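Note: the block below is upload-v6.cif and it holds mmCIF, C-alpha atoms and all ligand atoms.
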data_run
#
loop_
_atom_site.label_atom_id
_atom_site.label_comp_id
_atom_site.auth_asym_id
_atom_site.auth_seq_id
_atom_site.Cartn_x
_atom_site.Cartn_y
_atom_site.Cartn_z
CA MET A 635 0.00 0.00 0.00
CA ALA A 636 1.22 3.49 -0.82
CA ASP A 637 2.47 5.55 2.09
CA THR A 638 0.16 8.56 1.94
CA SER A 639 2.08 10.34 4.72
CA ALA A 640 5.19 10.64 2.51
CA PRO A 641 6.29 14.24 1.91
CA PRO A 642 5.61 15.76 -1.51
CA VAL A 643 8.22 14.97 -4.11
CA SER A 644 10.70 17.70 -5.02
CA PRO A 645 11.54 19.63 -7.13
CA PRO A 646 8.60 21.68 -5.95
CA VAL A 647 6.35 23.54 -8.34
CA PRO A 648 7.37 27.20 -8.17
CA SER A 649 4.88 29.36 -6.30
CA ASP A 650 2.88 32.00 -8.18
CA HIS A 651 2.84 34.04 -5.02
CA LEU A 652 6.48 35.02 -4.78
CA MET A 653 7.61 38.31 -6.27
CA GLY A 654 9.32 37.30 -9.45
CA VAL A 655 12.76 38.74 -8.77
CA TYR A 656 14.72 35.48 -8.91
CA ALA A 657 15.30 33.03 -11.75
CA ARG A 658 15.50 30.01 -9.49
CA ALA A 659 17.05 26.63 -10.22
CA PRO A 660 14.43 23.85 -9.91
CA LEU A 661 16.07 22.41 -6.83
CA ALA A 662 15.27 22.50 -3.12
CA PHE A 663 17.17 21.17 -0.14
CA GLU A 664 15.94 19.67 3.06
CA ARG A 665 19.05 19.33 5.17
CA GLY A 666 22.73 20.11 5.23
CA GLU A 667 25.84 18.82 6.90
CA GLY A 668 29.23 20.42 6.43
CA VAL A 669 29.83 20.98 2.71
CA ARG A 670 26.94 18.69 1.72
CA LEU A 671 23.30 19.47 1.02
CA TYR A 672 20.56 16.87 0.63
CA THR A 673 17.22 17.04 -1.17
CA ALA A 674 14.09 15.51 0.35
CA GLU A 675 14.86 12.37 -1.69
CA GLY A 676 18.30 12.15 -0.14
CA GLU A 677 20.21 13.26 -3.25
CA GLU A 678 23.57 14.68 -2.17
CA TYR A 679 25.16 17.88 -3.52
CA LEU A 680 28.55 19.42 -2.79
CA ASP A 681 27.89 23.02 -1.75
CA CYS A 682 30.76 25.13 -3.07
CA MET A 683 28.80 28.39 -2.96
CA ALA A 684 27.84 28.26 0.73
CA GLY A 685 24.77 30.45 0.22
CA ILE A 686 27.10 33.06 -1.35
CA ALA A 687 29.89 32.93 1.23
CA VAL A 688 27.46 32.79 4.16
CA THR A 689 27.72 29.28 5.61
CA ALA A 690 31.47 29.71 6.03
CA LEU A 691 31.64 26.99 8.69
CA GLY A 692 29.51 24.60 6.66
CA HIS A 693 25.92 23.53 7.27
CA GLY A 694 24.83 22.49 10.75
CA HIS A 695 28.08 23.39 12.50
CA PRO A 696 27.63 21.93 16.02
CA LYS A 697 28.80 25.10 17.82
CA LEU A 698 26.36 27.29 15.90
CA VAL A 699 23.49 24.84 16.27
CA GLN A 700 24.11 24.71 20.02
CA ALA A 701 24.30 28.50 20.27
CA VAL A 702 20.91 28.89 18.54
CA LYS A 703 19.30 26.16 20.64
CA ASP A 704 20.59 27.52 23.95
CA GLN A 705 19.65 31.10 23.16
CA ALA A 706 16.25 30.16 21.66
CA GLU A 707 15.26 28.67 24.99
CA LYS A 708 16.41 31.71 26.97
CA LEU A 709 15.60 34.93 25.13
CA TRP A 710 15.13 35.99 21.51
CA HIS A 711 14.61 39.70 21.48
CA THR A 712 14.56 42.70 23.75
CA SER A 713 15.43 46.10 22.31
CA ASN A 714 18.45 48.27 21.75
CA ILE A 715 17.14 50.56 24.47
CA PHE A 716 18.58 47.93 26.85
CA ARG A 717 22.08 46.55 27.14
CA ILE A 718 22.55 43.30 25.24
CA PRO A 719 25.50 41.45 26.79
CA ASN A 720 26.33 39.32 23.75
CA GLN A 721 26.22 42.41 21.55
CA GLU A 722 28.93 43.92 23.73
CA LYS A 723 30.84 40.63 23.60
CA LEU A 724 30.68 40.43 19.80
CA ALA A 725 31.76 44.07 19.50
CA ASP A 726 34.70 43.34 21.83
CA LEU A 727 35.66 40.35 19.68
CA LEU A 728 35.43 42.19 16.37
CA THR A 729 37.28 45.27 17.55
CA ALA A 730 40.01 43.15 19.19
CA HIS A 731 40.68 41.54 15.81
CA THR A 732 40.40 44.58 13.54
CA PHE A 733 41.27 48.26 13.05
CA ALA A 734 37.88 49.19 14.52
CA ASP A 735 36.90 50.73 17.86
CA VAL A 736 33.11 50.53 17.57
CA CYS A 737 30.40 48.41 15.86
CA PHE A 738 26.78 48.81 14.86
CA PHE A 739 24.89 45.56 14.26
CA THR A 740 22.45 45.02 11.42
CA ASN A 741 20.43 42.19 9.85
CA SER A 742 22.04 42.25 6.43
CA GLY A 743 24.96 43.44 4.37
CA ALA A 744 23.05 46.22 2.67
CA GLU A 745 22.10 47.68 6.06
CA ALA A 746 25.74 47.59 7.10
CA ILE A 747 26.54 49.57 3.92
CA GLU A 748 23.77 52.07 4.74
CA CYS A 749 25.29 52.57 8.16
CA ALA A 750 28.76 53.00 6.65
CA ILE A 751 27.56 55.69 4.24
CA LYS A 752 25.61 57.51 6.94
CA THR A 753 28.57 57.33 9.33
CA ALA A 754 30.89 58.86 6.71
CA ARG A 755 28.53 61.72 5.84
CA LYS A 756 27.72 62.46 9.46
CA TYR A 757 31.43 62.60 10.27
CA HIS A 758 32.00 65.45 7.82
CA TRP A 759 28.78 67.18 8.85
CA SER A 760 29.82 67.09 12.50
CA LYS A 761 33.21 68.54 11.55
CA GLY A 762 31.46 71.54 9.96
CA HIS A 763 31.53 70.22 6.38
CA PRO A 764 27.93 69.40 5.41
CA GLU A 765 28.92 69.80 1.74
CA ARG A 766 31.07 66.67 1.87
CA ILE A 767 28.50 64.09 0.84
CA ASP A 768 29.95 62.37 -2.25
CA ILE A 769 30.65 58.67 -2.02
CA ILE A 770 33.04 57.44 -4.72
CA GLY A 771 32.39 53.86 -5.85
CA PHE A 772 33.78 51.67 -8.60
CA GLU A 773 32.49 49.89 -11.68
CA GLY A 774 31.84 46.21 -11.19
CA SER A 775 31.22 46.66 -7.48
CA PHE A 776 28.29 45.26 -5.53
CA HIS A 777 27.13 46.71 -2.24
CA GLY A 778 23.62 45.30 -1.84
CA ARG A 779 20.09 46.14 -3.00
CA THR A 780 18.80 48.98 -0.87
CA LEU A 781 18.52 52.30 -2.70
CA ALA A 782 21.69 53.78 -1.24
CA ALA A 783 23.57 50.52 -1.85
CA VAL A 784 22.60 50.31 -5.53
CA ASN A 785 23.46 53.98 -5.91
CA ALA A 786 26.86 53.36 -4.32
CA SER A 787 27.68 50.55 -6.73
CA GLY A 788 26.18 52.35 -9.72
CA ASN A 789 25.44 49.16 -11.65
CA PRO A 790 22.99 50.46 -14.31
CA SER A 791 20.93 47.26 -14.41
CA TYR A 792 20.24 47.48 -10.67
CA LEU A 793 19.34 51.19 -10.85
CA GLU A 794 17.08 51.12 -13.90
CA GLY A 795 13.46 51.90 -13.20
CA PHE A 796 13.96 52.99 -9.63
CA GLY A 797 13.86 56.71 -10.25
CA PRO A 798 16.68 59.17 -10.81
CA PRO A 799 20.12 58.28 -9.49
CA MET A 800 20.59 59.76 -6.02
CA PRO A 801 22.82 62.79 -5.65
CA GLY A 802 26.06 62.25 -3.81
CA PHE A 803 27.30 59.13 -5.58
CA VAL A 804 30.18 59.11 -8.05
CA HIS A 805 31.40 56.11 -10.06
CA LEU A 806 34.82 55.50 -11.49
CA PRO A 807 36.44 52.75 -13.55
CA TYR A 808 38.10 50.03 -11.49
CA GLY A 809 41.82 50.57 -10.98
CA ASP A 810 42.17 53.98 -12.67
CA HIS A 811 44.36 55.86 -10.19
CA ASP A 812 44.50 59.12 -12.15
CA ALA A 813 40.72 59.28 -12.52
CA LEU A 814 40.39 58.73 -8.78
CA ARG A 815 42.84 61.44 -7.83
CA ALA A 816 41.08 63.85 -10.20
CA ALA A 817 37.62 62.95 -8.85
CA ILE A 818 38.43 63.84 -5.25
CA GLY A 819 37.25 67.34 -4.47
CA PRO A 820 35.78 69.54 -1.76
CA THR A 821 32.49 67.62 -1.72
CA THR A 822 34.02 64.14 -1.41
CA ALA A 823 33.07 62.31 1.78
CA ALA A 824 34.33 58.78 1.26
CA ILE A 825 35.60 56.10 -1.09
CA ILE A 826 33.84 52.74 -0.95
CA ILE A 827 35.51 49.61 -2.30
CA GLU A 828 35.56 45.83 -1.97
CA PRO A 829 39.21 44.77 -1.46
CA VAL A 830 38.23 41.69 -3.45
CA GLN A 831 35.19 42.19 -5.68
CA GLY A 832 32.67 39.39 -5.26
CA GLU A 833 29.65 39.59 -7.60
CA GLY A 834 31.72 41.60 -10.07
CA GLY A 835 33.80 38.53 -10.88
CA ALA A 836 36.21 37.86 -8.01
CA ARG A 837 38.67 40.61 -8.84
CA ALA A 838 41.29 41.18 -6.12
CA LEU A 839 42.61 44.71 -5.86
CA PRO A 840 46.44 44.60 -5.78
CA ASP A 841 47.90 45.33 -2.32
CA ALA A 842 49.71 48.38 -3.67
CA CYS A 843 46.37 49.86 -4.80
CA LEU A 844 44.84 49.45 -1.36
CA ARG A 845 47.88 51.11 0.21
CA GLY A 846 47.60 53.88 -2.40
CA LEU A 847 43.94 54.39 -1.48
CA ARG A 848 44.79 54.60 2.20
CA GLN A 849 47.45 57.20 1.50
CA LEU A 850 45.18 59.22 -0.78
CA CYS A 851 42.48 59.27 1.89
CA ASP A 852 44.98 60.36 4.55
CA GLU A 853 46.15 63.23 2.32
CA THR A 854 42.66 64.47 1.49
CA GLY A 855 40.65 63.78 4.65
CA VAL A 856 38.36 61.48 2.70
CA LEU A 857 37.15 58.43 4.65
CA LEU A 858 37.95 54.96 3.36
CA ILE A 859 35.09 52.45 3.51
CA TYR A 860 35.72 48.77 2.81
CA ASP A 861 32.94 46.44 1.87
CA GLU A 862 34.22 43.12 3.23
CA ILE A 863 30.78 41.58 3.35
CA GLN A 864 31.91 38.81 1.02
CA CYS A 865 35.72 38.82 1.18
CA GLY A 866 35.95 39.32 4.96
CA LEU A 867 35.85 36.95 7.93
CA GLY A 868 38.48 34.54 6.70
CA ARG A 869 37.41 34.09 3.09
CA THR A 870 40.80 35.16 1.69
CA GLY A 871 42.92 33.30 4.25
CA LYS A 872 43.30 36.23 6.64
CA LEU A 873 40.48 37.35 8.91
CA PHE A 874 40.01 40.43 6.70
CA ALA A 875 41.26 40.94 3.17
CA TYR A 876 42.76 44.36 3.97
CA GLU A 877 45.28 42.64 6.27
CA TRP A 878 47.15 41.34 3.20
CA ALA A 879 47.94 44.93 2.24
CA ASP A 880 48.21 46.27 5.77
CA ALA A 881 45.95 49.12 4.68
CA PRO A 882 43.11 49.45 7.18
CA PRO A 883 39.94 51.43 6.40
CA ASP A 884 38.12 53.97 8.56
CA ILE A 885 34.80 52.17 8.23
CA MET A 886 34.00 48.61 7.16
CA ALA A 887 30.82 46.70 6.35
CA VAL A 888 30.68 43.02 7.31
CA ALA A 889 27.89 40.43 7.07
CA LYS A 890 27.50 37.07 5.29
CA ALA A 891 29.80 34.74 7.30
CA LEU A 892 29.20 36.74 10.48
CA GLY A 893 26.13 34.70 11.39
CA GLY A 894 27.04 31.57 9.41
CA GLY A 895 23.52 31.59 7.95
CA PHE A 896 21.70 33.52 10.63
CA PRO A 897 21.08 37.08 9.34
CA VAL A 898 23.68 39.30 10.99
CA GLY A 899 25.68 42.23 9.67
CA ALA A 900 27.87 44.90 11.20
CA CYS A 901 29.31 48.30 10.44
CA LEU A 902 32.74 48.65 12.05
CA SER A 903 34.41 52.02 12.48
CA THR A 904 37.25 53.84 14.15
CA ILE A 905 36.08 56.01 17.02
CA ALA A 906 37.12 59.10 15.03
CA ALA A 907 35.11 58.21 11.91
CA ALA A 908 32.07 57.40 14.06
CA SER A 909 32.25 60.69 15.95
CA GLY A 910 29.07 61.98 14.29
CA MET A 911 27.01 58.94 15.30
CA THR A 912 25.44 60.18 18.50
CA PRO A 913 22.31 58.94 20.32
CA GLY A 914 19.32 59.09 18.00
CA SER A 915 21.30 59.37 14.76
CA HIS A 916 20.81 55.74 13.70
CA GLY A 917 19.07 52.59 14.86
CA SER A 918 17.50 49.23 14.10
CA THR A 919 14.73 47.24 15.75
CA TYR A 920 16.23 43.81 15.19
CA GLY A 921 19.88 44.68 14.63
CA GLY A 922 22.05 42.98 17.24
CA ASN A 923 19.22 41.20 19.05
CA PRO A 924 20.06 38.48 21.58
CA LEU A 925 19.36 35.57 19.23
CA ALA A 926 21.48 37.00 16.41
CA MET A 927 24.30 37.93 18.77
CA ALA A 928 24.49 34.49 20.35
CA VAL A 929 25.11 33.03 16.87
CA GLY A 930 27.46 35.87 15.92
CA VAL A 931 29.67 35.27 18.95
CA ALA A 932 29.80 31.51 18.31
CA SER A 933 30.58 32.10 14.66
CA VAL A 934 33.37 34.65 15.17
CA GLU A 935 34.96 32.53 17.93
CA GLU A 936 35.39 29.83 15.27
CA LEU A 937 36.38 32.15 12.42
CA VAL A 938 39.29 33.74 14.32
CA LYS A 939 41.04 30.40 14.86
CA PRO A 940 44.47 30.48 13.15
CA GLU A 941 44.17 26.84 12.06
CA LEU A 942 41.06 27.75 10.06
CA MET A 943 43.03 30.42 8.19
CA ASP A 944 45.82 27.87 7.58
CA ASN A 945 43.20 25.57 6.09
CA VAL A 946 41.85 28.31 3.80
CA ARG A 947 45.34 29.04 2.50
CA GLU A 948 46.29 25.42 2.02
CA VAL A 949 43.08 24.09 0.49
CA SER A 950 42.57 27.17 -1.70
CA GLY A 951 46.12 26.67 -2.98
CA TYR A 952 45.21 23.13 -3.91
CA LEU A 953 41.97 24.24 -5.59
CA ASN A 954 43.77 26.90 -7.61
CA GLN A 955 46.42 24.47 -8.73
CA GLN A 956 43.79 21.92 -9.78
CA ILE A 957 41.73 24.53 -11.63
CA SER A 958 44.91 25.56 -13.48
CA GLY A 959 45.08 21.95 -14.59
CA LEU A 960 41.50 22.21 -15.88
CA LYS A 961 42.49 25.38 -17.72
CA ASP A 962 45.18 23.39 -19.55
CA ARG A 963 42.81 20.53 -20.35
CA TYR A 964 39.76 22.65 -21.27
CA PRO A 965 41.25 25.84 -22.75
CA ASP A 966 37.99 26.80 -24.50
CA VAL A 967 36.03 26.54 -21.25
CA VAL A 968 38.39 27.87 -18.54
CA LEU A 969 39.91 31.20 -19.59
CA ASP A 970 41.15 32.77 -16.39
CA ILE A 971 41.39 32.11 -12.65
CA ARG A 972 41.13 34.97 -10.19
CA GLY A 973 40.19 35.98 -6.69
CA LYS A 974 41.90 35.32 -3.41
CA GLY A 975 41.84 32.39 -0.98
CA MET A 976 38.46 30.66 -1.06
CA LEU A 977 36.88 33.43 -3.10
CA ILE A 978 37.76 31.84 -6.41
CA GLY A 979 36.57 33.23 -9.73
CA VAL A 980 36.84 31.28 -12.95
CA GLN A 981 36.22 33.22 -16.13
CA LEU A 982 34.68 31.01 -18.76
CA GLY A 983 34.69 30.84 -22.54
CA THR A 984 31.21 29.29 -22.49
CA PRO A 985 28.08 30.89 -20.91
CA ASN A 986 28.36 30.82 -17.11
CA ARG A 987 24.63 30.16 -16.52
CA GLU A 988 24.84 27.03 -18.66
CA PHE A 989 27.98 25.99 -16.86
CA MET A 990 26.25 26.29 -13.49
CA GLN A 991 23.61 23.86 -14.78
CA HIS A 992 26.34 21.45 -15.93
CA ALA A 993 27.81 21.71 -12.43
CA ARG A 994 24.41 21.01 -10.85
CA ASP A 995 24.08 17.98 -13.13
CA ALA A 996 27.35 16.81 -11.56
CA HIS A 997 25.87 17.61 -8.11
CA LEU A 998 28.17 20.55 -7.52
CA LEU A 999 26.76 23.93 -6.45
CA ILE A 1000 28.69 27.05 -7.52
CA ALA A 1001 27.83 30.74 -7.80
CA GLY A 1002 27.80 32.96 -10.88
CA GLY A 1003 29.51 36.29 -11.21
CA GLY A 1004 30.14 39.26 -13.49
CA ASP A 1005 32.47 39.02 -16.48
CA ASN A 1006 31.04 35.56 -17.33
CA CYS A 1007 32.63 34.09 -14.22
CA ILE A 1008 31.64 31.32 -11.92
CA ARG A 1009 32.65 31.57 -8.28
CA LEU A 1010 33.69 28.88 -5.87
CA LEU A 1011 32.95 29.97 -2.30
CA PRO A 1012 33.19 26.75 -0.31
CA PRO A 1013 33.00 26.57 3.47
CA LEU A 1014 36.33 27.62 4.97
CA ASN A 1015 36.75 24.29 6.74
CA LEU A 1016 36.62 22.36 3.45
CA THR A 1017 38.98 19.41 3.68
CA ARG A 1018 41.51 18.41 1.04
CA GLU A 1019 39.45 15.31 0.31
CA GLU A 1020 36.25 17.34 -0.18
CA ALA A 1021 38.20 19.74 -2.41
CA ARG A 1022 39.32 16.78 -4.51
CA GLU A 1023 35.68 15.72 -4.94
CA ALA A 1024 34.70 19.25 -5.89
CA ILE A 1025 37.40 19.30 -8.57
CA GLN A 1026 36.22 15.95 -9.97
CA ARG A 1027 32.69 17.35 -10.31
CA LEU A 1028 34.00 20.61 -11.73
CA GLU A 1029 35.86 18.60 -14.34
CA MET A 1030 32.61 16.82 -15.27
CA ALA A 1031 31.02 20.23 -15.80
CA CYS A 1032 34.01 21.33 -17.95
CA GLU A 1033 33.64 18.16 -19.99
CA ALA A 1034 29.91 18.84 -20.54
CA ALA A 1035 30.54 22.50 -21.41
CA GLN A 1036 33.24 21.56 -23.88
CA ALA A 1037 31.06 18.90 -25.54
CA LYS A 1038 28.23 21.43 -25.85
CA ALA A 1039 30.54 24.09 -27.31
CA ARG A 1040 31.86 21.58 -29.86
CA SER A 1041 28.40 20.42 -30.92
CA ASN A 1042 27.28 24.07 -31.25
CA LYS A 1043 30.31 24.70 -33.46
CA ALA A 1044 29.60 21.61 -35.56
CA GLY A 1045 25.95 22.67 -35.88
CA ALA A 1046 26.97 26.15 -37.02
CA ALA A 1047 29.49 24.85 -39.59
C1 LIG B 1101 26.17 40.16 -0.40
C2 LIG B 1101 26.87 41.46 -0.47
C3 LIG B 1101 26.25 42.64 -0.08
C4 LIG B 1101 24.80 42.71 0.34
O1 LIG B 1101 24.50 41.93 1.44
P1 LIG B 1101 22.94 41.59 1.75
O2 LIG B 1101 23.02 40.82 3.03
O3 LIG B 1101 22.43 40.81 0.59
O4 LIG B 1101 22.24 42.86 1.90
C5 LIG B 1101 27.00 43.81 -0.12
N1 LIG B 1101 28.27 43.80 -0.52
C6 LIG B 1101 28.90 42.68 -0.91
C7 LIG B 1101 30.34 42.74 -1.31
C8 LIG B 1101 28.23 41.47 -0.92
O5 LIG B 1101 28.84 40.36 -1.34
#
Kindly return the structure encoded in the file as structure tokens.
Ligand SMILES: *Cc1c(COP(=O)(O)O)cnc(C)c1O
Amino acid sequence: MADTSAPPVSPPVPSDHLMGVYARAPLAFERGEGVRLYTAEGEEYLDCMAGIAVTALGHGHPKLVQAVKDQAEKLWHTSNIFRIPNQEKLADLLTAHTFADVCFFTNSGAEAIECAIKTARKYHWSKGHPERIDIIGFEGSFHGRTLAAVNASGNPSYLEGFGPPMPGFVHLPYGDHDALRAAIGPTTAAIIIEPVQGEGGARALPDACLRGLRQLCDETGVLLIYDEIQCGLGRTGKLFAYEWADAPPDIMAVAKALGGGFPVGACLSTIAAASGMTPGSHGSTYGGNPLAMAVGVASVEELVKPELMDNVREVSGYLNQQISGLKDRYPDVVLDIRGKGMLIGVQLGTPNREFMQHARDAHLLIAGGGDNCIRLLPPLNLTREEAREAIQRLEMACEAAQAKARSNKAGAA
């Protein structure tokens, strides 16, 4: 007799009642463990996108699960009008490990960016320079989807249809030092940049450029904002990407890995840059609530472990070397390898969306990216053995992409 209590079979039929802003893959997962995700039917996938660099400790990390369970039974939410002990603890942790003196906690990356922009403008305002409002951003950047965040990145496709571009945002080509120097003027408030671009195609800014930016900001009184929402918290093999260049910012937005899957973000700042942020100037209902902070503390306590950073450097070295091998074997498919640490971008000679499907067919999950890239953003505790499996599946996707390209060519001839 049929078991009528069995759950419905996936892939689920897409709902008509979701706002149609995503082109979703016809795939749903029921459970995760480490680097692996499982569908309701028990089909296993290797998750080398980690929810876009979010589940940096893998799925179901025991310390994070325990932190949620313990806190869920005690207290979820109070209000920022009260002290929140774990918020203070997480701020102590983050400031002890960074350039920063103070933190503001948010629920997302975009909100951390909003806070960074407001902090920078308020700084100049409080110093008697209300005219300094311009935020200089760069082509190919991504800072989130709120109105200020899309205006900061300036990506035309994210701005189109949402009214006139906001005043106070300037966009420059990536890596053009002369254009940057020329663009800084009496109304400039801050420069915002991802030390390693994520969505834009995993482009790492050379260390010398970051140091140049720091120097330029020091000379001109412009504040330097880093968006390390994707490249921060260990992704590149140091806790923050700016450490490679030894060029700290004044303000920094963090999120993604901060809660390991629980929505948490933070805006970090020096005490000087945050001098305009006085009581009443900013706030959030949920930001930094007890439940989020319990997970944030557990997550950061794991992320700051030196052996985790050793693992990122070692296993990402292996991945890069293996992908170089794929580049030699599939020269029409793999054109270029970029990024830093476990933020790996592979520029393709075949369409990246199709390639992502080939990878899913091989039960490997990867992210897309600008410049026809795919991105590998595995959990930072990926083992060498899991990396080897990922490469095997990536090779299957390369094989499929190459076969498709050849048959297209033959069809066209
Ligand atoms: C994901 C991301 C954001 C936006 O974060 P949300 O949590 O989606 O708002 C901003 N900047 C960078 C670099 C990101 O990768």
Give me the segment 665-724 of chain A side of the contact with segment 996-1009 of chain A, cut-off 8 Å, one line per residue showing its nearest atom pair and distance in Å at one decimal, counting all atoms listed in the file, sorted by chain and residue number, as JSON lines.
{"residue": "A:Glu678", "atom": "CA", "partner": "A:His997", "partner_atom": "CA", "distance": 7.0}
{"residue": "A:Tyr679", "atom": "CA", "partner": "A:His997", "partner_atom": "CA", "distance": 4.7}
{"residue": "A:Leu680", "atom": "CA", "partner": "A:Leu998", "partner_atom": "CA", "distance": 4.9}
{"residue": "A:Asp681", "atom": "CA", "partner": "A:Leu999", "partner_atom": "CA", "distance": 4.9}
{"residue": "A:Cys682", "atom": "CA", "partner": "A:Ile1000", "partner_atom": "CA", "distance": 5.3}
{"residue": "A:Met683", "atom": "CA", "partner": "A:Ile1000", "partner_atom": "CA", "distance": 4.8}
{"residue": "A:Ile686", "atom": "CA", "partner": "A:Ala1001", "partner_atom": "CA", "distance": 6.9}
*With only C-alpha atoms as the basis for distance, which of A:Tyr964, A:Tyr792, A:Trp759, A:Phe874 is at the shortest distance from Thr732 of chain A?*
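With only C-alpha atoms as the atom set, the closest residue is A:Phe874.
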_Contacts of Asp884 of chain A within 8 Å, only C-alpha atoms, excl. fewer than 3 positions in-chain, as a list in words_ =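 Returned residues: Phe733, Ala734, Leu857, Leu858, Ile859, Ser903, Thr904 and Ala907 of chain A.
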Please dump the current selection as a tab-separated table (two decimals), in the frame of the given file; keep C-alpha atoms.
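Done, and the output landed in out-v9.tsv:
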chain	number	residue	atom	x	y	z
A	733	PHE	CA	41.27	48.26	13.05
A	734	ALA	CA	37.88	49.19	14.52
A	857	LEU	CA	37.15	58.43	4.65
A	858	LEU	CA	37.95	54.96	3.36
A	859	ILE	CA	35.09	52.45	3.51
A	903	SER	CA	34.41	52.02	12.48
A	904	THR	CA	37.25	53.84	14.15
A	907	ALA	CA	35.11	58.21	11.91
Mind listing the residues within 10 Å of ligand LIG 1101 (chain B), all atoms listed in the file counted, as a PDB file with C-alpha atoms, in the frame of the given file?
ATOM      1  CA  GLY A 685      24.770  30.450   0.220  1.00  0.00           C
ATOM      2  CA  ILE A 686      27.100  33.060  -1.350  1.00  0.00           C
ATOM      3  CA  ALA A 687      29.890  32.930   1.230  1.00  0.00           C
ATOM      4  CA  VAL A 688      27.460  32.790   4.160  1.00  0.00           C
ATOM      5  CA  THR A 740      22.450  45.020  11.420  1.00  0.00           C
ATOM      6  CA  ASN A 741      20.430  42.190   9.850  1.00  0.00           C
ATOM      7  CA  SER A 742      22.040  42.250   6.430  1.00  0.00           C
ATOM      8  CA  GLY A 743      24.960  43.440   4.370  1.00  0.00           C
ATOM      9  CA  ALA A 744      23.050  46.220   2.670  1.00  0.00           C
ATOM     10  CA  GLU A 745      22.100  47.680   6.060  1.00  0.00           C
ATOM     11  CA  ALA A 746      25.740  47.590   7.100  1.00  0.00           C
ATOM     12  CA  ILE A 747      26.540  49.570   3.920  1.00  0.00           C
ATOM     13  CA  GLU A 748      23.770  52.070   4.740  1.00  0.00           C
ATOM     14  CA  SER A 775      31.220  46.660  -7.480  1.00  0.00           C
ATOM     15  CA  PHE A 776      28.290  45.260  -5.530  1.00  0.00           C
ATOM     16  CA  HIS A 777      27.130  46.710  -2.240  1.00  0.00           C
ATOM     17  CA  GLY A 778      23.620  45.300  -1.840  1.00  0.00           C
ATOM     18  CA  ARG A 779      20.090  46.140  -3.000  1.00  0.00           C
ATOM     19  CA  THR A 780      18.800  48.980  -0.870  1.00  0.00           C
ATOM     20  CA  ALA A 783      23.570  50.520  -1.850  1.00  0.00           C
ATOM     21  CA  VAL A 784      22.600  50.310  -5.530  1.00  0.00           C
ATOM     22  CA  SER A 787      27.680  50.550  -6.730  1.00  0.00           C
ATOM     23  CA  ILE A 827      35.510  49.610  -2.300  1.00  0.00           C
ATOM     24  CA  GLU A 828      35.560  45.830  -1.970  1.00  0.00           C
ATOM     25  CA  PRO A 829      39.210  44.770  -1.460  1.00  0.00           C
ATOM     26  CA  VAL A 830      38.230  41.690  -3.450  1.00  0.00           C
ATOM     27  CA  GLN A 831      35.190  42.190  -5.680  1.00  0.00           C
ATOM     28  CA  GLY A 832      32.670  39.390  -5.260  1.00  0.00           C
ATOM     29  CA  GLU A 833      29.650  39.590  -7.600  1.00  0.00           C
ATOM     30  CA  GLY A 834      31.720  41.600 -10.070  1.00  0.00           C
ATOM     31  CA  TYR A 860      35.720  48.770   2.810  1.00  0.00           C
ATOM     32  CA  ASP A 861      32.940  46.440   1.870  1.00  0.00           C
ATOM     33  CA  GLU A 862      34.220  43.120   3.230  1.00  0.00           C
ATOM     34  CA  ILE A 863      30.780  41.580   3.350  1.00  0.00           C
ATOM     35  CA  GLN A 864      31.910  38.810   1.020  1.00  0.00           C
ATOM     36  CA  CYS A 865      35.720  38.820   1.180  1.00  0.00           C
ATOM     37  CA  GLY A 866      35.950  39.320   4.960  1.00  0.00           C
ATOM     38  CA  ALA A 887      30.820  46.700   6.350  1.00  0.00           C
ATOM     39  CA  VAL A 888      30.680  43.020   7.310  1.00  0.00           C
ATOM     40  CA  ALA A 889      27.890  40.430   7.070  1.00  0.00           C
ATOM     41  CA  LYS A 890      27.500  37.070   5.290  1.00  0.00           C
ATOM     42  CA  PRO A 897      21.080  37.080   9.340  1.00  0.00           C
ATOM     43  CA  VAL A 898      23.680  39.300  10.990  1.00  0.00           C
ATOM     44  CA  GLY A 899      25.680  42.230   9.670  1.00  0.00           C
TER      45      GLY A 899
END
*Please return, as a list in words, all polymer residues that have at least one atom within 7 Å of the point (37.4, 33.8, 13.1); use all atoms listed in the file and the file's own coordinate frame.*
Leu867, Gly868, Leu873, Val934, Glu935, Glu936, Leu937, Val938 and Lys939 of chain A
Do you have, as a tab-separated table, the list of residues of segment 796-848 of chain A lying at most 7 Å from segment 969-980 of chain A, each with its nearest atom pair and that distance in Å to one decimal, counting all atoms listed in the file and ordered by chain then number?
residue	atom	partner	partner_atom	distance
A:Val830	CA	A:Gly973	CA	6.9
A:Gly835	CA	A:Gly979	CA	6.1
A:Ala836	CA	A:Gly973	CA	4.6
A:Arg837	CA	A:Gly973	CA	5.3
A:Ala838	CA	A:Gly973	CA	5.3
*Pick from A:Glu948, A:Asp726, A:Asp735, A:Glu677, whichever lies nearest to Met886 of chain A using all atoms listed in the file*: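 Of all the options, A:Asp735 lies closest to Met886 of chain A.
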*Determine, counting all atoms listed in the file, which protein, DNA and RNA residues have an atom within 9 Å of an atom of Gln705 of chain A; residues of the same chain fewer than 2 positions away are not included. Present the result as number ranges by chain.*
A: 700-703, 707-710, 924-925, 928-929
*Compute the distance from (35.5, 59.0, 11.1) to each atom, counting all atoms listed in the file, keep the residues with any atom at most 12 Å away, and return them as a VMD selection string; use the coordinates of the file.*
chain A and resid 734 to 736 750 to 761 823 to 824 851 to 852 855 to 859 883 to 886 902 to 911
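Nearest to Pro764 of chain A of all the residues A:Asn789, A:Thr822, A:His711, A:Ala1047 is A:Thr822, based on all atoms listed in the file.
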